[in-house]
Amino acid sequence: MNPDGTTAVLTLCGSIRRKSYNAALIRALPSLAPGGMTFTPAPLIVNIPHYDADLQQAGGFPATAVALANAIRDADGVLVASPEYNYSIPGTLKNAIDWVSRLPNQPFAGKPVLIQSASMGAVGGARMQYHLRQVLVFVDALVFGRPEIMIGMAATKFDEDGILTDAPTRDLVRAQLTAFAAFLKAHYKP
C-alpha cells in the first residue's frame, strides 16, 4: 500500500491470445475499481521458457521469471484473469507459476490474490478457478473468496472492440473489486 493509501494490483493474464476476453476484462478494471486501486500489467508470461529443473540447475532462473517474481513481490495484490483450457489452467500460466514458485523468498507467499475468468463456455472458467485455487494454496497465497467472477458465454458480454458491455457483469466486477480492496487493506503488510 502506498503512503497515499492507494493499492497497487499486478494483473496477470492467463491468455496470450491477441483478442483475449480475459485481457479485455483486465482493461476494464480501472473503470470499475474503487478509488485508490491501481493496476499494472505483469511481464509477459509467454516469454518464460518451459520449466525444466535441469535448466534451472545449470543456468539459474530465467530473467523473465525473475521479473515476474519481482513484480509480484512489489505489488500489494495480484489479480489473475484467465480462460479455462481443457477443464484446467492454461499451460503458459501454470508454467509461469511453476518457475516463480521455486525462487527464494517465494513471491506468492502471503500475497493477496484475486481470480477472474472469462470463457466461451457456459461455466465461465469455473474449473480453471478451482485448479488455480489449489495451486495458489500450495504456494501460500492468500486467495480471495467471494464474490467470484466467472464470465460465461464471453462473446455475449463483450463487444467487437473488446469492451465489457454487459451491465450485470460490470456490476459484479465492481462489487468484487470493492471487496478485494477491503481484503487488501485487511492483509496489508508494510
# chains A, B, ... in the order shown; residues from 1 in each chain; ligands from 1

call {"tool": "residues_around", "arguments": {"residues": "A:Cys13", "least_positions_apart": "2", "cutoff": "8 Å", "atoms": "only C-alpha atoms", "output": "ChimeraX atom specification"}}
result
/A:11,15-16,22-23,26,42,80-82,93

call {"tool": "write_last_selection", "arguments": {"atoms": "C-alpha atoms", "output": "CSV table (one decimal), in the first residue's frame"}}
result
chain,number,residue,atom,x,y,z
A,11,THR,CA,-2.6,-8.0,-13.3
A,15,SER,CA,-4.3,-16.0,-22.1
A,16,ILE,CA,-1.8,-15.0,-24.7
A,22,ASN,CA,-9.5,-12.0,-20.2
A,23,ALA,CA,-7.2,-9.3,-21.4
A,26,ILE,CA,-8.3,-6.6,-17.3
A,42,ALA,CA,2.6,-8.3,-15.3
A,80,VAL,CA,-5.2,-13.3,-12.3
A,81,ALA,CA,-7.7,-13.3,-15.2
A,82,SER,CA,-7.6,-16.5,-17.2
A,93,LEU,CA,0.1,-19.6,-16.8

call {"tool": "residues_around", "arguments": {"residues": "A:Ala63", "least_positions_apart": "6", "cutoff": "10 Å", "atoms": "only C-alpha atoms", "output": "list in words"}}
result
Asn47, Ile48 and Ala69 of chain A

call {"tool": "residues_around", "arguments": {"residues": "A:Pro62", "least_positions_apart": "4", "cutoff": "8 Å", "atoms": "only C-alpha atoms", "output": "NGL selection string"}}
result
:A and (48-49 or 56 or 66)

call {"tool": "residues_around", "arguments": {"residues": "stretch 152-163 of chain A", "least_positions_apart": "3", "cutoff": "9 Å", "atoms": "only C-alpha atoms", "output": "ChimeraX atom specification"}}
result
/A:19-21,23-25,27-28,117-125,166-167,169

call {"tool": "closest_residue", "arguments": {"among": "A:Leu29, A:Ala141, A:Met150, A:Leu184", "to": "A:Asp76", "atoms": "only C-alpha atoms"}}
result
A:Leu184

call {"tool": "residues_around", "arguments": {"residues": "A:Phe144", "least_positions_apart": "3", "cutoff": "8 Å", "atoms": "only C-alpha atoms", "output": "PDB file with C-alpha atoms, in the first residue's frame"}}
result
ATOM      1  CA  PRO A 112      -3.456 -11.491  -1.657  1.00  0.00           C
ATOM      2  CA  VAL A 113      -4.651 -12.916  -4.984  1.00  0.00           C
ATOM      3  CA  LEU A 114      -7.934 -12.354  -6.797  1.00  0.00           C
ATOM      4  CA  ILE A 115      -9.102 -14.671  -9.581  1.00  0.00           C
ATOM      5  CA  PHE A 180     -10.905  -7.077  -2.786  1.00  0.00           C
ATOM      6  CA  PHE A 183      -9.263  -7.613   1.645  1.00  0.00           C
TER       7      PHE A 183
END

call {"tool": "residues_around", "arguments": {"residues": "A:Ala33", "least_positions_apart": "5", "cutoff": "7 Å", "atoms": "only C-alpha atoms", "output": "list in words"}}
result
Arg174, Leu177 and Thr178 of chain A

call {"tool": "select_by_dssp", "arguments": {"residues": "chain A", "states": "strand (DSSP E)", "output": "short mmCIF file (atom, residue, chain, number, x, y, z; two decimals) with N, CA and C atoms, in the first residue's frame"}}
result
data_model
loop_
_atom_site.label_atom_id
_atom_site.label_comp_id
_atom_site.auth_asym_id
_atom_site.auth_seq_id
_atom_site.Cartn_x
_atom_site.Cartn_y
_atom_site.Cartn_z
N THR A 7 -3.69 1.25 -3.45
CA THR A 7 -3.20 -0.12 -3.50
C THR A 7 -2.81 -0.44 -4.93
N ALA A 8 -1.67 -1.11 -5.06
CA ALA A 8 -1.13 -1.46 -6.36
C ALA A 8 -1.42 -2.93 -6.64
N VAL A 9 -2.17 -3.20 -7.70
CA VAL A 9 -2.54 -4.56 -8.07
C VAL A 9 -1.85 -4.92 -9.38
N LEU A 10 -1.14 -6.03 -9.36
CA LEU A 10 -0.50 -6.57 -10.55
C LEU A 10 -1.51 -7.44 -11.27
N THR A 11 -1.70 -7.22 -12.56
CA THR A 11 -2.65 -8.03 -13.33
C THR A 11 -1.87 -9.05 -14.17
N LEU A 12 -2.30 -10.29 -14.04
CA LEU A 12 -1.65 -11.40 -14.74
C LEU A 12 -2.69 -12.09 -15.60
N CYS A 13 -2.50 -12.03 -16.90
CA CYS A 13 -3.45 -12.61 -17.84
C CYS A 13 -2.99 -14.02 -18.22
N MET A 37 -7.32 2.26 -6.22
CA MET A 37 -6.79 0.97 -6.67
C MET A 37 -6.18 1.17 -8.05
N THR A 38 -4.89 0.85 -8.17
CA THR A 38 -4.21 0.99 -9.44
C THR A 38 -3.84 -0.39 -9.98
N PHE A 39 -3.71 -0.50 -11.30
CA PHE A 39 -3.43 -1.77 -11.96
C PHE A 39 -2.19 -1.64 -12.84
N THR A 40 -1.31 -2.62 -12.73
CA THR A 40 -0.11 -2.68 -13.55
C THR A 40 -0.03 -4.05 -14.19
N PRO A 41 0.17 -4.12 -15.51
CA PRO A 41 0.27 -5.44 -16.13
C PRO A 41 1.57 -6.15 -15.75
N GLY A 77 -1.21 -6.67 -4.24
CA GLY A 77 -2.02 -7.84 -4.54
C GLY A 77 -1.87 -8.20 -6.01
N VAL A 78 -2.35 -9.39 -6.35
CA VAL A 78 -2.27 -9.88 -7.72
C VAL A 78 -3.67 -10.26 -8.17
N LEU A 79 -4.03 -9.87 -9.38
CA LEU A 79 -5.29 -10.27 -9.99
C LEU A 79 -4.96 -11.15 -11.19
N VAL A 80 -5.45 -12.38 -11.18
CA VAL A 80 -5.25 -13.30 -12.29
C VAL A 80 -6.56 -13.42 -13.04
N ALA A 81 -6.55 -13.10 -14.32
CA ALA A 81 -7.72 -13.29 -15.19
C ALA A 81 -7.31 -14.31 -16.24
N PRO A 112 -2.04 -11.41 -1.29
CA PRO A 112 -3.46 -11.49 -1.66
C PRO A 112 -3.62 -11.66 -3.18
N VAL A 113 -4.43 -12.62 -3.56
CA VAL A 113 -4.65 -12.92 -4.98
C VAL A 113 -6.14 -13.00 -5.27
N LEU A 114 -6.56 -12.36 -6.32
CA LEU A 114 -7.93 -12.35 -6.80
C LEU A 114 -7.97 -13.07 -8.14
N ILE A 115 -8.98 -13.92 -8.33
CA ILE A 115 -9.10 -14.67 -9.58
C ILE A 115 -10.37 -14.23 -10.31
N GLN A 116 -10.23 -14.04 -11.61
CA GLN A 116 -11.36 -13.79 -12.50
C GLN A 116 -11.19 -14.67 -13.73
N SER A 117 -12.29 -14.98 -14.39
CA SER A 117 -12.18 -15.75 -15.62
C SER A 117 -13.30 -15.38 -16.58
N ALA A 118 -12.96 -15.41 -17.84
CA ALA A 118 -13.93 -15.22 -18.91
C ALA A 118 -13.68 -16.35 -19.90
N LEU A 142 -2.72 -15.79 -0.38
CA LEU A 142 -3.98 -15.51 0.32
C LEU A 142 -5.05 -15.31 -0.75
N VAL A 143 -5.76 -16.37 -1.09
CA VAL A 143 -6.71 -16.33 -2.18
C VAL A 143 -8.04 -15.74 -1.71
N ILE A 149 -15.93 -14.08 -9.89
CA ILE A 149 -16.24 -13.63 -11.24
C ILE A 149 -15.89 -14.74 -12.21
N MET A 150 -16.92 -15.31 -12.83
CA MET A 150 -16.76 -16.34 -13.85
C MET A 150 -17.69 -15.94 -14.99
N ILE A 151 -17.14 -15.31 -16.00
CA ILE A 151 -17.94 -14.78 -17.09
C ILE A 151 -18.11 -15.85 -18.17
#

call {"tool": "atom_distance", "arguments": {"atom1": "atom CA of A:Tyr87", "atom2": "atom CA of A:Met128"}}
result
6.0 Å

call {"tool": "closest_residue", "arguments": {"among": "A:Arg102, A:Gly60, A:Arg146, A:Pro90", "to": "A:Gln176", "atoms": "only C-alpha atoms"}}
result
A:Arg146

call {"tool": "atom_distance", "arguments": {"atom1": "atom CA of A:Gln57", "atom2": "atom CA of A:Asp74"}}
result
25.9 Å
